[in-house]
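Peer 1: Data: model18.txt, compact mmCIF, C-alpha atoms.
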# COMPACT_ATOMS: atom_id res chain seq x y z
CA MET A 291 84.78 162.50 52.23
CA LYS A 292 84.17 158.82 52.84
CA VAL A 293 80.58 159.46 53.94
CA TYR A 294 80.00 161.53 50.82
CA MET A 295 81.14 158.66 48.63
CA GLU A 296 79.00 156.18 50.50
CA GLN A 297 75.90 158.30 50.01
CA ASP A 298 76.78 158.48 46.34
CA ILE A 299 77.00 154.72 46.10
CA LEU A 300 73.76 154.20 48.02
CA GLN A 301 71.85 156.66 45.81
CA GLU A 302 73.11 154.95 42.65
CA ASN A 303 72.17 151.62 44.19
CA ASP A 304 68.65 152.78 45.06
CA ASP A 305 68.09 154.01 41.50
CA GLN A 306 69.14 150.63 40.13
CA ALA A 307 66.95 148.86 42.71
CA ASP A 308 63.94 150.79 41.36
CA GLU A 309 64.79 149.51 37.87
CA ASN A 310 65.13 145.98 39.25
CA ARG A 311 61.59 146.18 40.65
CA LEU A 312 60.30 146.75 37.11
CA LEU A 313 62.52 143.96 35.76
CA PHE A 314 61.29 141.48 38.40
CA GLY A 315 57.65 142.00 37.33
CA ASN A 316 55.36 139.43 38.96
CA THR A 317 58.20 137.33 40.35
CA LEU A 318 58.31 137.38 44.15
CA VAL A 319 61.89 138.26 45.15
CA VAL A 320 63.11 137.36 48.64
CA ASN A 321 66.50 138.64 49.86
CA ILE A 322 67.88 136.35 52.58
CA ILE A 323 70.35 137.99 54.95
CA GLY A 324 72.23 136.68 57.99
CA SER A 325 75.67 136.03 59.50
CA PRO A 326 78.09 133.49 58.09
CA GLY A 327 76.91 130.08 59.22
CA CYS A 328 73.44 131.09 60.43
CA GLY A 329 71.95 128.49 58.08
CA LYS A 330 70.90 130.44 54.98
CA THR A 331 71.88 127.80 52.43
CA THR A 332 70.36 124.97 54.46
CA LEU A 333 67.15 127.04 54.74
CA LEU A 334 67.13 127.40 50.97
CA GLU A 335 67.71 123.68 50.43
CA LYS A 336 64.79 122.72 52.68
CA THR A 337 62.55 125.45 51.27
CA ILE A 338 63.23 124.41 47.69
CA GLU A 339 62.61 120.78 48.60
CA ALA A 340 59.21 121.73 50.08
CA LEU A 341 58.03 124.13 47.36
CA LYS A 342 59.59 122.96 44.11
CA ASP A 343 56.50 121.12 42.91
CA GLU A 344 54.22 124.00 43.88
CA TYR A 345 56.13 126.97 42.42
CA ARG A 346 58.71 127.67 39.73
CA LEU A 347 61.76 128.63 41.80
CA ALA A 348 65.16 130.15 41.10
CA VAL A 349 68.11 131.22 43.22
CA ILE A 350 70.80 133.90 43.00
CA GLU A 351 73.70 132.93 45.27
CA GLY A 352 75.92 135.70 46.59
CA ASP A 353 79.36 134.65 47.70
CA ILE A 354 82.73 136.27 48.03
CA TYR A 355 84.90 133.79 46.14
CA THR A 356 83.61 130.23 46.07
CA THR A 357 80.76 128.37 44.36
CA LYS A 358 80.18 126.09 47.35
CA ASP A 359 76.62 127.31 47.96
CA SER A 360 75.39 127.26 44.39
CA GLU A 361 76.72 123.71 44.06
CA ARG A 362 74.42 122.80 46.94
CA ILE A 363 71.46 124.41 45.12
CA GLU A 364 72.17 123.02 41.65
CA LYS A 365 71.29 119.48 42.66
CA PHE A 366 67.59 120.48 42.81
CA GLY A 367 67.59 121.18 39.08
CA ILE A 368 66.25 124.73 39.41
CA PRO A 369 67.86 127.79 37.78
CA SER A 370 70.71 129.03 39.96
CA ILE A 371 73.06 131.93 39.28
CA GLN A 372 76.27 132.46 41.22
CA ILE A 373 77.56 135.95 41.96
CA ASN A 374 81.11 136.22 43.26
CA THR A 375 81.71 139.62 44.82
CA ALA A 376 85.52 139.18 44.77
CA GLY A 377 85.91 140.47 48.31
CA GLY A 378 82.77 142.61 48.46
CA CYS A 379 80.72 142.22 51.62
CA HIS A 380 77.24 142.57 50.11
CA LEU A 381 75.29 142.26 46.88
CA SER A 382 74.45 145.45 44.99
CA ALA A 383 71.39 146.20 42.88
CA GLU A 384 73.63 146.42 39.81
CA ILE A 385 75.21 142.99 40.11
CA THR A 386 71.81 141.52 41.01
CA SER A 387 70.37 143.03 37.85
CA LYS A 388 73.12 141.40 35.76
CA ALA A 389 72.53 138.02 37.37
CA ALA A 390 68.74 138.31 37.01
CA SER A 391 69.10 139.09 33.31
CA ASP A 392 70.39 135.52 32.89
CA LEU A 393 67.08 134.20 34.21
CA ASP A 394 63.82 133.90 32.32
CA LEU A 395 61.83 135.82 34.92
CA ASP A 396 58.46 135.27 33.21
CA ASP A 397 58.88 131.59 34.08
CA ILE A 398 59.79 132.12 37.75
CA ASP A 399 57.29 132.48 40.59
CA ILE A 400 59.74 132.97 43.45
CA LEU A 401 63.34 134.14 43.18
CA PHE A 402 65.47 133.70 46.30
CA ILE A 403 68.58 135.79 46.69
CA GLU A 404 71.08 134.50 49.25
CA ASN A 405 73.13 137.52 50.22
CA VAL A 406 76.77 137.45 51.41
CA GLY A 407 77.05 136.23 55.02
CA ASN A 408 77.05 139.55 56.89
CA LEU A 409 74.59 141.30 59.23
CA VAL A 410 75.71 144.81 58.30
CA CYS A 411 76.01 146.03 54.70
CA PRO A 412 73.55 143.70 52.95
CA ALA A 413 70.81 145.48 54.94
CA GLU A 414 71.84 148.84 53.46
CA PHE A 415 71.71 147.80 49.82
CA ASP A 416 68.23 147.56 48.34
CA LEU A 417 68.28 144.96 45.54
CA GLY A 418 64.71 145.70 44.42
CA GLU A 419 63.42 142.72 46.41
CA ASP A 420 59.89 142.42 47.78
CA SER A 421 61.12 141.35 51.21
CA LYS A 422 64.29 141.04 53.17
CA VAL A 423 64.32 138.02 55.48
CA ALA A 424 66.59 138.17 58.54
CA VAL A 425 68.08 134.85 59.64
CA LEU A 426 69.53 134.70 63.15
CA SER A 427 70.83 131.48 64.64
CA VAL A 428 70.25 131.30 68.39
CA VAL A 429 73.92 130.42 68.84
CA GLU A 430 74.83 134.00 67.85
CA GLY A 431 73.30 135.44 71.01
CA ASP A 432 70.15 137.37 71.93
CA ASP A 433 71.92 140.75 71.76
CA LYS A 434 72.27 140.69 67.97
CA PRO A 435 69.00 142.43 66.97
CA ALA A 436 69.91 145.46 69.11
CA LYS A 437 73.49 145.44 67.84
CA TYR A 438 72.56 145.12 64.15
CA PRO A 439 69.27 147.04 64.11
CA LEU A 440 68.98 148.01 60.45
CA LEU A 441 68.45 144.48 59.19
CA PHE A 442 65.89 143.65 61.86
CA SER A 443 63.98 146.90 61.34
CA GLU A 444 63.76 146.28 57.57
CA ALA A 445 62.97 142.55 57.61
CA GLY A 446 59.62 141.26 56.37
CA ALA A 447 60.16 138.15 58.48
CA VAL A 448 62.70 137.08 61.09
CA LEU A 449 63.79 133.45 61.31
CA LEU A 450 65.37 132.19 64.54
CA THR A 451 67.32 129.12 63.46
CA LYS A 452 69.19 126.25 65.15
CA THR A 453 66.63 126.20 67.97
CA ASP A 454 67.74 122.62 68.75
CA LEU A 455 70.86 124.24 70.25
CA LEU A 456 68.86 126.50 72.62
CA PRO A 457 69.49 124.24 75.65
CA TYR A 458 73.26 124.62 75.14
CA THR A 459 73.29 128.42 74.84
CA ASN A 460 72.46 131.38 77.09
CA PHE A 461 70.14 132.80 74.39
CA ASP A 462 67.24 134.65 76.05
CA LYS A 463 64.38 134.34 73.54
CA ALA A 464 62.12 136.84 75.31
CA SER A 465 64.87 139.45 75.29
CA ALA A 466 65.65 138.91 71.58
CA GLU A 467 61.98 139.09 70.67
CA LYS A 468 61.50 142.26 72.71
CA ASP A 469 64.42 143.92 70.88
CA ILE A 470 63.09 142.80 67.49
CA ARG A 471 59.62 144.14 68.33
CA ALA A 472 61.07 147.49 69.38
CA LEU A 473 62.64 147.75 65.92
CA ASN A 474 59.87 146.18 63.89
CA GLY A 475 56.22 145.97 64.88
CA ASP A 476 55.10 143.80 62.00
CA ALA A 477 57.53 141.08 61.01
CA PRO A 478 56.56 137.60 62.15
CA ILE A 479 59.26 135.76 64.11
CA TYR A 480 59.50 132.07 63.25
CA GLU A 481 61.54 129.59 65.28
CA MET A 482 62.95 126.64 63.40
CA ASN A 483 65.42 123.80 63.34
CA VAL A 484 66.00 123.85 59.59
CA LEU A 485 68.29 120.83 59.43
CA LYS A 486 65.51 118.63 60.84
CA GLY A 487 62.77 120.52 58.99
CA GLU A 488 61.09 121.53 62.26
CA GLY A 489 59.07 124.76 62.38
CA MET A 490 59.19 125.27 58.60
CA ASP A 491 55.42 125.30 58.02
CA LYS A 492 54.73 128.89 59.06
CA TRP A 493 57.68 130.11 56.99
CA LEU A 494 56.41 128.23 53.92
CA ASP A 495 52.91 129.67 54.48
CA TRP A 496 54.41 133.15 54.81
CA LEU A 497 56.07 132.66 51.39
CA ARG A 498 52.77 131.48 49.91
CA VAL A 499 50.98 134.59 51.19
CA GLN A 500 53.74 136.87 49.86
CA HIS A 501 53.53 135.21 46.48
CA LYS A 502 49.75 135.54 46.39
CA ALA A 503 49.96 139.22 47.33
CA LYS A 504 52.53 139.81 44.58
CA THR A 505 50.47 138.21 41.82
CA ILE A 506 47.30 140.09 42.87
CA LYS A 507 49.11 143.46 42.73
CA MET B 168 84.41 153.65 39.50
CA LYS B 169 83.46 151.93 42.74
CA VAL B 170 86.64 149.85 42.67
CA TYR B 171 88.67 153.00 42.14
CA MET B 172 87.12 154.59 45.21
CA GLU B 173 87.69 151.49 47.30
CA GLN B 174 91.37 151.44 46.38
CA ASP B 175 91.54 155.10 47.36
CA ILE B 176 90.03 154.37 50.76
CA LEU B 177 92.30 151.38 51.33
CA GLN B 178 95.43 153.36 50.45
CA GLU B 179 94.46 156.16 52.84
CA ASN B 180 93.73 153.56 55.48
CA ASP B 181 97.10 151.85 55.01
CA ASP B 182 98.91 155.18 55.38
CA GLN B 183 97.09 155.87 58.64
CA ALA B 184 97.80 152.30 59.82
CA ASP B 185 101.52 152.98 59.37
CA GLU B 186 101.16 156.05 61.58
CA ASN B 187 99.25 153.98 64.13
CA ARG B 188 102.17 151.53 64.34
CA LEU B 189 104.41 154.40 65.47
CA LEU B 190 101.74 155.62 67.90
CA PHE B 191 101.33 152.16 69.44
CA GLY B 192 105.04 151.97 70.30
CA ASN B 193 105.80 149.02 72.55
CA THR B 194 102.15 148.19 73.22
CA LEU B 195 101.14 144.84 71.73
CA VAL B 196 97.97 145.44 69.67
CA VAL B 197 95.70 142.49 68.86
CA ASN B 198 92.79 142.96 66.42
CA ILE B 199 90.07 140.38 67.10
CA ILE B 200 87.83 139.57 64.12
CA GLY B 201 84.92 137.16 63.69
CA SER B 202 81.23 136.83 62.85
CA PRO B 203 78.49 138.26 65.03
CA GLY B 204 78.07 135.89 67.96
CA CYS B 205 81.27 133.88 67.49
CA GLY B 206 82.26 134.74 71.05
CA LYS B 207 84.66 137.69 70.72
CA THR B 208 83.45 139.59 73.80
CA THR B 209 83.32 136.46 75.95
CA LEU B 210 86.86 135.64 74.81
CA LEU B 211 87.94 139.12 75.88
CA GLU B 212 86.23 138.80 79.27
CA LYS B 213 87.96 135.49 80.02
CA THR B 214 91.31 136.70 78.66
CA ILE B 215 91.20 139.87 80.76
CA GLU B 216 90.25 137.83 83.83
CA ALA B 217 93.27 135.57 83.28
CA LEU B 218 95.86 138.24 82.44
CA LYS B 219 94.86 141.40 84.29
CA ASP B 220 97.27 140.86 87.19
CA GLU B 221 100.12 139.99 84.82
CA TYR B 222 99.82 142.78 82.23
CA ARG B 223 98.40 146.29 81.96
CA LEU B 224 95.49 145.76 79.55
CA ALA B 225 93.13 148.01 77.59
CA VAL B 226 90.33 147.44 75.09
CA ILE B 227 88.93 149.32 72.10
CA GLU B 228 85.41 148.04 71.40
CA GLY B 229 84.06 148.40 67.87
CA ASP B 230 80.32 148.31 67.55
CA ILE B 231 77.77 149.67 65.13
CA TYR B 232 75.41 151.45 67.48
CA THR B 233 75.33 150.09 71.03
CA THR B 234 77.65 150.10 74.03
CA LYS B 235 76.64 146.58 75.11
CA ASP B 236 80.12 145.12 74.68
CA SER B 237 82.08 147.89 76.36
CA GLU B 238 79.70 147.69 79.33
CA ARG B 239 80.75 144.04 79.64
CA ILE B 240 84.43 145.06 79.63
CA GLU B 241 84.16 148.05 81.98
CA LYS B 242 83.43 145.86 84.99
CA PHE B 243 87.08 144.71 84.98
CA GLY B 244 88.24 148.24 85.74
CA ILE B 245 90.64 148.44 82.79
CA PRO B 246 90.68 151.30 80.26
CA SER B 247 88.01 150.69 77.62
CA ILE B 248 87.10 152.92 74.68
CA GLN B 249 83.91 152.44 72.67
CA ILE B 250 83.82 153.19 68.95
CA ASN B 251 80.41 153.36 67.35
CA THR B 252 80.68 153.11 63.58
CA ALA B 253 77.10 154.37 63.02
CA GLY B 254 76.34 151.70 60.45
CA GLY B 255 79.89 151.02 59.28
CA CYS B 256 80.82 147.37 58.97
CA HIS B 257 84.45 147.59 60.08
CA LEU B 258 86.90 149.72 62.05
CA SER B 259 89.27 151.97 60.11
CA ALA B 260 92.80 152.99 61.01
CA GLU B 261 91.62 156.58 61.38
CA ILE B 262 88.91 155.93 63.93
CA THR B 263 91.21 153.53 65.78
CA SER B 264 93.84 156.26 65.97
CA LYS B 265 91.29 158.66 67.50
CA ALA B 266 90.21 156.08 70.07
CA ALA B 267 93.82 155.16 70.89
CA SER B 268 94.69 158.82 71.50
CA ASP B 269 92.35 158.69 74.51
CA LEU B 270 94.54 155.96 76.04
CA ASP B 271 97.83 156.42 77.83
CA LEU B 272 99.67 153.92 75.66
CA ASP B 273 102.94 154.12 77.65
CA ASP B 274 101.04 152.48 80.49
CA ILE B 275 99.50 149.66 78.44
CA ASP B 276 101.19 146.33 77.68
CA ILE B 277 98.45 144.75 75.57
CA LEU B 278 95.67 146.60 73.73
CA PHE B 279 92.84 144.42 72.41
CA ILE B 280 90.67 145.76 69.61
CA GLU B 281 87.34 143.98 69.19
CA ASN B 282 86.32 144.66 65.61
CA VAL B 283 82.74 144.86 64.30
CA GLY B 284 81.16 141.40 63.98
CA ASN B 285 81.87 140.62 60.32
CA LEU B 286 84.14 138.14 58.50
CA VAL B 287 84.60 140.32 55.42
CA CYS B 288 85.65 143.98 55.60
CA PRO B 289 87.48 144.04 58.94
CA ALA B 290 90.09 141.78 57.31
CA GLU B 291 90.72 144.39 54.60
CA PHE B 292 91.37 147.31 56.93
CA ASP B 293 94.80 147.36 58.57
CA LEU B 294 94.52 149.17 61.92
CA GLY B 295 98.25 149.11 62.57
CA GLU B 296 97.87 146.08 64.83
CA ASP B 297 100.61 143.52 65.47
CA SER B 298 98.28 140.59 64.85
CA LYS B 299 94.82 139.87 63.59
CA VAL B 300 93.15 136.99 65.42
CA ALA B 301 90.40 135.08 63.57
CA VAL B 302 87.61 133.72 65.77
CA LEU B 303 85.38 131.04 64.23
CA SER B 304 82.69 129.29 66.23
CA VAL B 305 82.25 125.68 65.14
CA VAL B 306 78.51 126.32 64.84
CA GLU B 307 79.19 128.51 61.78
CA GLY B 308 80.30 125.54 59.68
CA ASP B 309 83.59 124.12 58.42
CA ASP B 310 83.24 125.84 55.02
CA LYS B 311 83.84 129.33 56.40
CA PRO B 312 87.66 129.55 56.03
CA ALA B 313 87.38 128.77 52.29
CA LYS B 314 84.46 131.16 51.89
CA TYR B 315 86.08 134.05 53.77
CA PRO B 316 89.75 133.45 52.88
CA LEU B 317 91.26 136.91 53.46
CA LEU B 318 90.81 136.89 57.23
CA PHE B 319 92.16 133.36 57.61
CA SER B 320 95.16 134.05 55.39
CA GLU B 321 96.07 137.17 57.40
CA ALA B 322 95.45 135.85 60.90
CA GLY B 323 98.32 135.43 63.36
CA ALA B 324 96.20 132.88 65.24
CA VAL B 325 92.89 131.13 64.59
CA LEU B 326 90.56 130.33 67.48
CA LEU B 327 87.90 127.64 67.00
CA THR B 328 85.32 128.48 69.66
CA LYS B 329 82.20 126.83 71.12
CA THR B 330 83.79 123.39 70.76
CA ASP B 331 81.33 122.11 73.39
CA LEU B 332 78.71 122.30 70.60
CA LEU B 333 80.74 120.08 68.20
CA PRO B 334 78.61 116.97 68.94
CA TYR B 335 75.47 118.85 67.83
CA THR B 336 76.86 120.19 64.54
CA ASN B 337 78.11 118.69 61.29
CA PHE B 338 81.37 120.67 61.59
CA ASP B 339 84.25 118.68 60.06
CA LYS B 340 87.32 119.83 61.98
CA ALA B 341 89.82 118.14 59.67
CA SER B 342 88.27 119.84 56.64
CA ALA B 343 88.29 123.29 58.30
CA GLU B 344 91.90 122.85 59.39
CA LYS B 345 92.94 121.72 55.93
CA ASP B 346 91.36 124.84 54.41
CA ILE B 347 92.99 127.11 57.00
CA ARG B 348 96.39 125.47 56.37
CA ALA B 349 96.01 125.97 52.61
CA LEU B 350 95.54 129.70 53.26
CA ASN B 351 97.98 130.10 56.12
CA GLY B 352 100.95 127.88 56.83
CA ASP B 353 101.90 129.47 60.14
CA ALA B 354 98.99 130.47 62.33
CA PRO B 355 98.37 128.17 65.26
CA ILE B 356 94.79 126.86 65.50
CA TYR B 357 93.47 126.71 69.06
CA GLU B 358 90.24 124.93 70.01
CA MET B 359 88.38 126.31 72.99
CA ASN B 360 85.17 126.46 74.95
CA VAL B 361 85.58 130.02 76.14
CA LEU B 362 82.47 130.15 78.32
CA LYS B 363 83.85 127.32 80.46
CA GLY B 364 87.45 128.53 80.15
CA GLU B 365 88.53 125.28 78.46
CA GLY B 366 91.45 125.34 76.02
CA MET B 367 92.46 128.90 76.94
CA ASP B 368 96.02 128.10 78.09
CA LYS B 369 97.66 127.91 74.67
CA TRP B 370 95.96 131.14 73.60
CA LEU B 371 97.19 132.92 76.74
CA ASP B 372 100.70 131.58 76.12
CA TRP B 373 100.52 132.78 72.52
CA LEU B 374 99.68 136.28 73.81
CA ARG B 375 102.60 136.12 76.26
CA VAL B 376 105.01 135.18 73.45
CA GLN B 377 103.66 137.99 71.20
CA HIS B 378 104.09 140.49 74.01
CA LYS B 379 107.63 139.30 74.70
CA ALA B 380 108.51 139.55 71.00
CA LYS B 381 107.10 143.08 70.85
CA THR B 382 109.06 144.38 73.82
CA ILE B 383 112.33 142.84 72.54
CA LYS B 384 111.95 144.52 69.11
Mind converting the file's structure to structure tokens?

Peer 2:
Amino acid sequence: MKVYMEQDILQENDDQADENRLLFGNTLVVNIIGSPGCGKTTLLEKTIEALKDEYRLAVIEGDIYTTKDSERIEKFGIPSIQINTAGGCHLSAEITSKAASDLDLDDIDILFIENVGNLVCPAEFDLGEDSKVAVLSVVEGDDKPAKYPLLFSEAGAVLLTKTDLLPYTNFDKASAEKDIRALNGDAPIYEMNVLKGEGMDKWLDWLRVQHKAKTIK
Amino acid sequence: MKVYMEQDILQENDDQADENRLLFGNTLVVNIIGSPGCGKTTLLEKTIEALKDEYRLAVIEGDIYTTKDSERIEKFGIPSIQINTAGGCHLSAEITSKAASDLDLDDIDILFIENVGNLVCPAEFDLGEDSKVAVLSVVEGDDKPAKYPLLFSEAGAVLLTKTDLLPYTNFDKASAEKDIRALNGDAPIYEMNVLKGEGMDKWLDWLRVQHKAKTIK
């Protein structure tokens, strides 16, 4: 019975995601997914800092209860919408659609969605985004791609963060990369120390290419 | 409609959790919850190593697809049951009951349940355990208790892990502890570097006291 209901929810969600794709128009929409504390908000801060004079940016912040993350984004003076899921472990296409309707999408080049910190359900719920981006901090361990395969198989790009902590962990980069490749032949894997801004260039270029591809479509 | 269904599921789960409590009898059941990569399996390995001559132990390993964690536990020669949730982001009382029925509970003093790596849903689903234990690695950030309040409010103990990485993070211990205390007046907060076995003594003593309390009941 539970499985039946879940399929029901996922089908409804997929239908709404298709509507979202129309609503988003030429705006590039990037859905950022990773564990609690993998560095999603810091990634957004540094990315906004680097691109805010080049593109018109906006952010939808998914959180369970607090507004801590959107407060961190607001200081950049770009449009930022907070979604509180009130206990829910992922964003849905429906709530994303409501949040996006508060934005003037014609005036936004790139919309970032920071999903709820969770490697599981956010990967199942299509929000109508152009790309999911998987963020994995090396401190979480090299076994995570194999243990949470859906996200890594669906990701348009994989970011390995907190690489400055590599010397203090037993993270086996070759093993993680092998597991990611087995799930996903295409996604680039970028290593970065976001806090220090190291390794961000390829990620920023990847965003530029995605945006270009979206506007040519 | 979705909320209605969720309440339905939670009510069913709570009923089954009550049955599990009867099934568990005098066995102390500890439900270990934390993000992917916070160190739950390593904690279990070190805890089993320390207590296996003192108590009869068993483990139920929750995972989404793989058997990586239960392979790590099996080497200790204690009963270990793997649950694969096939995409599900938490263990339920029902699936826990099925796994537990494969164990000879009369011969087990302490049963550890390692939940799926996730700070959100596992906290909502009562498995009939005696205590939930919240595991937070300091690398995840001091804002996590406030952002994921349900787990920290329900925990019988909070373990701050990977404290050896404190010097390389911006984790504010006083702020995290203040937030945990605001949610939970009682739970002890133990700091530990599990990999090196540092700070484990208080945690092991806590388990001894819980087991004693359970057998006196």

Peer 1: Please identify every residue of segment 260-361 of chain B that has at least one atom no farther than 12 Å from an atom of segment 412-428 of chain A, counting all atoms listed in the file, and for each give the shortest atom pair and the distance in Å to one decimal, arranged by chain then increasing number, as JSON lines.

Peer 2:
{"residue": "B:Asn285", "atom": "CA", "partner": "A:Pro412", "partner_atom": "CA", "distance": 11.5}
{"residue": "B:Val287", "atom": "CA", "partner": "A:Pro412", "partner_atom": "CA", "distance": 11.8}
{"residue": "B:Val306", "atom": "CA", "partner": "A:Ser427", "partner_atom": "CA", "distance": 9.3}
{"residue": "B:Glu307", "atom": "CA", "partner": "A:Ser427", "partner_atom": "CA", "distance": 9.3}

Peer 1: Using all atoms listed in the file, which residues sit within 9 Å of Lys340 of chain B once same-chain residues fewer than 4 positions away are excluded, as a list of chain:residue names?

Peer 2: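 In the requested format, the answer is B:Val305, B:Asp309, B:Glu344, B:Lys345.
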
Peer 1: Suppose you want the space between atom CA of Ala307 of chain A and atom CA of Phe442 of chain A; what is it in Å?

Peer 2: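 About the pair atom CA of Ala307 of chain A and atom CA of Phe442 of chain A: they are 19.9 Å apart.
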
Peer 1: Which residues are near Leu326 of chain B? Cut-off 12 Å, all atoms listed in the file, ignore same chain within fewer than 2 positions. Put them as number ranges by chain.

Peer 2: B: 199-201, 205-207, 210, 299-305, 312, 319, 322-324, 328-330, 343-344, 347, 354-361, 366-367, 369-371, 373

Peer 1: Which residues are near Tyr355 of chain A? Cut-off 12 Å, all atoms listed in the file, ignore same chain within fewer than 5 positions. Put them as a PyMOL selection string.

Peer 2: (chain A and resi 360+372-379+406) or (chain B and resi 287+311-317)

Peer 1: Got a sec: who's within 8 Å of segment 243-246 of chain B, counting only C-alpha atoms, leaving out chain neighbours fewer than 4 positions off, as a VMD selection string?

Peer 2: chain B and resid 215 to 216 224 to 226 270

Peer 1: Which residue gives the smallest distance to chain B among A:Lys358, A:Lys336, A:Lys502, A:Lys365, with only C-alpha atoms counted?

Peer 2: A:Lys358

Peer 1: So what do you get for atom CA of Ile350 of chain A versus atom CA of Glu309 of chain A, distance-wise?

Peer 2: 17.5 Å

Peer 1: Interatomic distance between atom CA of Pro457 of chain A and atom CA of Gly431 of chain A?

Peer 2: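 About the pair atom CA of Pro457 of chain A and atom CA of Gly431 of chain A: they are 12.7 Å apart.
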
Peer 1: For Asp274 of chain B, which residue out of B:Ile176, B:Leu374, B:Asn351, B:Tyr222 is the nearest one, using only C-alpha atoms?

Peer 2: B:Tyr222

Peer 1: Hey, which of B:Ser259, B:Ile248, B:Leu218, B:Thr234 ends up closest to Glu179 of chain B? Count only C-alpha atoms.

Peer 2: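 Of B:Ser259, B:Ile248, B:Leu218, B:Thr234, the one nearest Glu179 of chain B is B:Ser259, counting only C-alpha atoms.
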
Peer 1: Neighbouring residues of segment 312-315 of chain A were defined as those with any atom within 8 Å, considering all atoms listed in the file; residues of the same chain fewer than 4 positions away were excluded. Please report them as a list in words.

Peer 2: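 My reading of the contact set: Asp308, Val319, Leu395 and Asp396 of chain A.
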
Peer 1: For chain A, which residue out of B:Leu362, B:Ala266, B:Ala341, B:Ala217 is the nearest one, using only C-alpha atoms?

Peer 2: B:Leu362

Peer 1: Could you tell me which of B:Thr233, B:Pro203, B:Glu281, B:Asp331 comes closest to Gly364 of chain B if we count all atoms listed in the file?

Peer 2: B:Asp331
